[in-house]
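Below: one structure, written as structure tokens.
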Amino acid sequence: MSDRPKHHKPLDKRFQARLSDAAYARLRRLAEETGLGNNYILTVLLEDYDRTVDHAAFLQAVREMLERHTKD
């Protein structure tokens, strides 16, 4: 999948997001593997959330992240 499409459809929304180093590294690996940009990878993950993410595992990961990042 490393052949990057020649033309990309513009995406509707733009926003700034901050990522951890680990999350950004994963995003870059997915972008490299698929030949897409970061914004398209995030769009696929969110638009196709029900097909690509185990919801219960996601909620557990959120709880664990909150525990790690809210400890004093």
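Labeling convention for the structure tokens: chains A, B, ... as they appear, residues from 1 per chain, ligands from 1 in order of appearance.
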- Message: Can you tell me which residues surround Leu11 of chain A at a distance of at most 10 Å, considering only C-alpha atoms, apart from same-chain residues fewer than 3 positions away, and format the answer as a ChimeraX atom specification?
- Response: /A:8,14,39-40,43
- What are the DSSP alpha helix (DSSP H) residues of chain A, as a PyMOL selection string? chain A and resi 21-34+38-47+49-52+55-70
If you keep C-alpha atoms, can you produce a file of those selected residues as a PDB file, in the first residue's frame?
```pdb
ATOM      1  CA  ASP A  21       5.434  10.538  21.379  1.00  0.00           C
ATOM      2  CA  ALA A  22       4.156   6.946  21.258  1.00  0.00           C
ATOM      3  CA  ALA A  23       0.873   7.945  19.595  1.00  0.00           C
ATOM      4  CA  TYR A  24       2.655  10.083  17.015  1.00  0.00           C
ATOM      5  CA  ALA A  25       5.102   7.272  16.221  1.00  0.00           C
ATOM      6  CA  ARG A  26       2.172   4.883  15.681  1.00  0.00           C
ATOM      7  CA  LEU A  27       0.407   7.429  13.489  1.00  0.00           C
ATOM      8  CA  ARG A  28       3.550   7.893  11.372  1.00  0.00           C
ATOM      9  CA  ARG A  29       4.003   4.102  11.007  1.00  0.00           C
ATOM     10  CA  LEU A  30       0.399   3.750   9.832  1.00  0.00           C
ATOM     11  CA  ALA A  31       0.842   6.650   7.418  1.00  0.00           C
ATOM     12  CA  GLU A  32       4.029   5.114   6.035  1.00  0.00           C
ATOM     13  CA  GLU A  33       2.435   1.674   5.703  1.00  0.00           C
ATOM     14  CA  THR A  34      -0.640   2.982   3.864  1.00  0.00           C
ATOM     15  CA  ASN A  38      -1.709  11.687   9.194  1.00  0.00           C
ATOM     16  CA  ASN A  39      -5.037  13.433   8.660  1.00  0.00           C
ATOM     17  CA  TYR A  40      -6.342  10.637   6.432  1.00  0.00           C
ATOM     18  CA  ILE A  41      -5.264   7.953   8.908  1.00  0.00           C
ATOM     19  CA  LEU A  42      -7.155   9.710  11.716  1.00  0.00           C
ATOM     20  CA  THR A  43     -10.178  10.154   9.437  1.00  0.00           C
ATOM     21  CA  VAL A  44     -10.306   6.440   8.615  1.00  0.00           C
ATOM     22  CA  LEU A  45      -9.952   5.472  12.276  1.00  0.00           C
ATOM     23  CA  LEU A  46     -12.755   7.796  13.366  1.00  0.00           C
ATOM     24  CA  GLU A  47     -15.150   7.382  10.427  1.00  0.00           C
ATOM     25  CA  TYR A  49     -14.526   3.363  14.340  1.00  0.00           C
ATOM     26  CA  ASP A  50     -17.138   0.584  14.614  1.00  0.00           C
ATOM     27  CA  ARG A  51     -15.221  -1.562  12.117  1.00  0.00           C
ATOM     28  CA  THR A  52     -11.696  -0.785  13.285  1.00  0.00           C
ATOM     29  CA  HIS A  55     -15.095  -0.401  21.840  1.00  0.00           C
ATOM     30  CA  ALA A  56     -14.693  -2.181  25.200  1.00  0.00           C
ATOM     31  CA  ALA A  57     -10.914  -2.401  24.750  1.00  0.00           C
ATOM     32  CA  PHE A  58     -10.851   1.284  23.762  1.00  0.00           C
ATOM     33  CA  LEU A  59     -12.717   2.322  26.918  1.00  0.00           C
ATOM     34  CA  GLN A  60     -10.346   0.229  29.033  1.00  0.00           C
ATOM     35  CA  ALA A  61      -7.365   1.913  27.343  1.00  0.00           C
ATOM     36  CA  VAL A  62      -8.906   5.334  28.089  1.00  0.00           C
ATOM     37  CA  ARG A  63      -9.312   4.428  31.767  1.00  0.00           C
ATOM     38  CA  GLU A  64      -5.699   3.220  31.928  1.00  0.00           C
ATOM     39  CA  MET A  65      -4.411   6.371  30.212  1.00  0.00           C
ATOM     40  CA  LEU A  66      -6.345   8.552  32.633  1.00  0.00           C
ATOM     41  CA  GLU A  67      -4.876   6.645  35.571  1.00  0.00           C
ATOM     42  CA  ARG A  68      -1.336   7.131  34.214  1.00  0.00           C
ATOM     43  CA  HIS A  69      -1.792  10.813  33.434  1.00  0.00           C
ATOM     44  CA  THR A  70      -3.792  11.950  36.460  1.00  0.00           C
TER      45      THR A  70
END
```
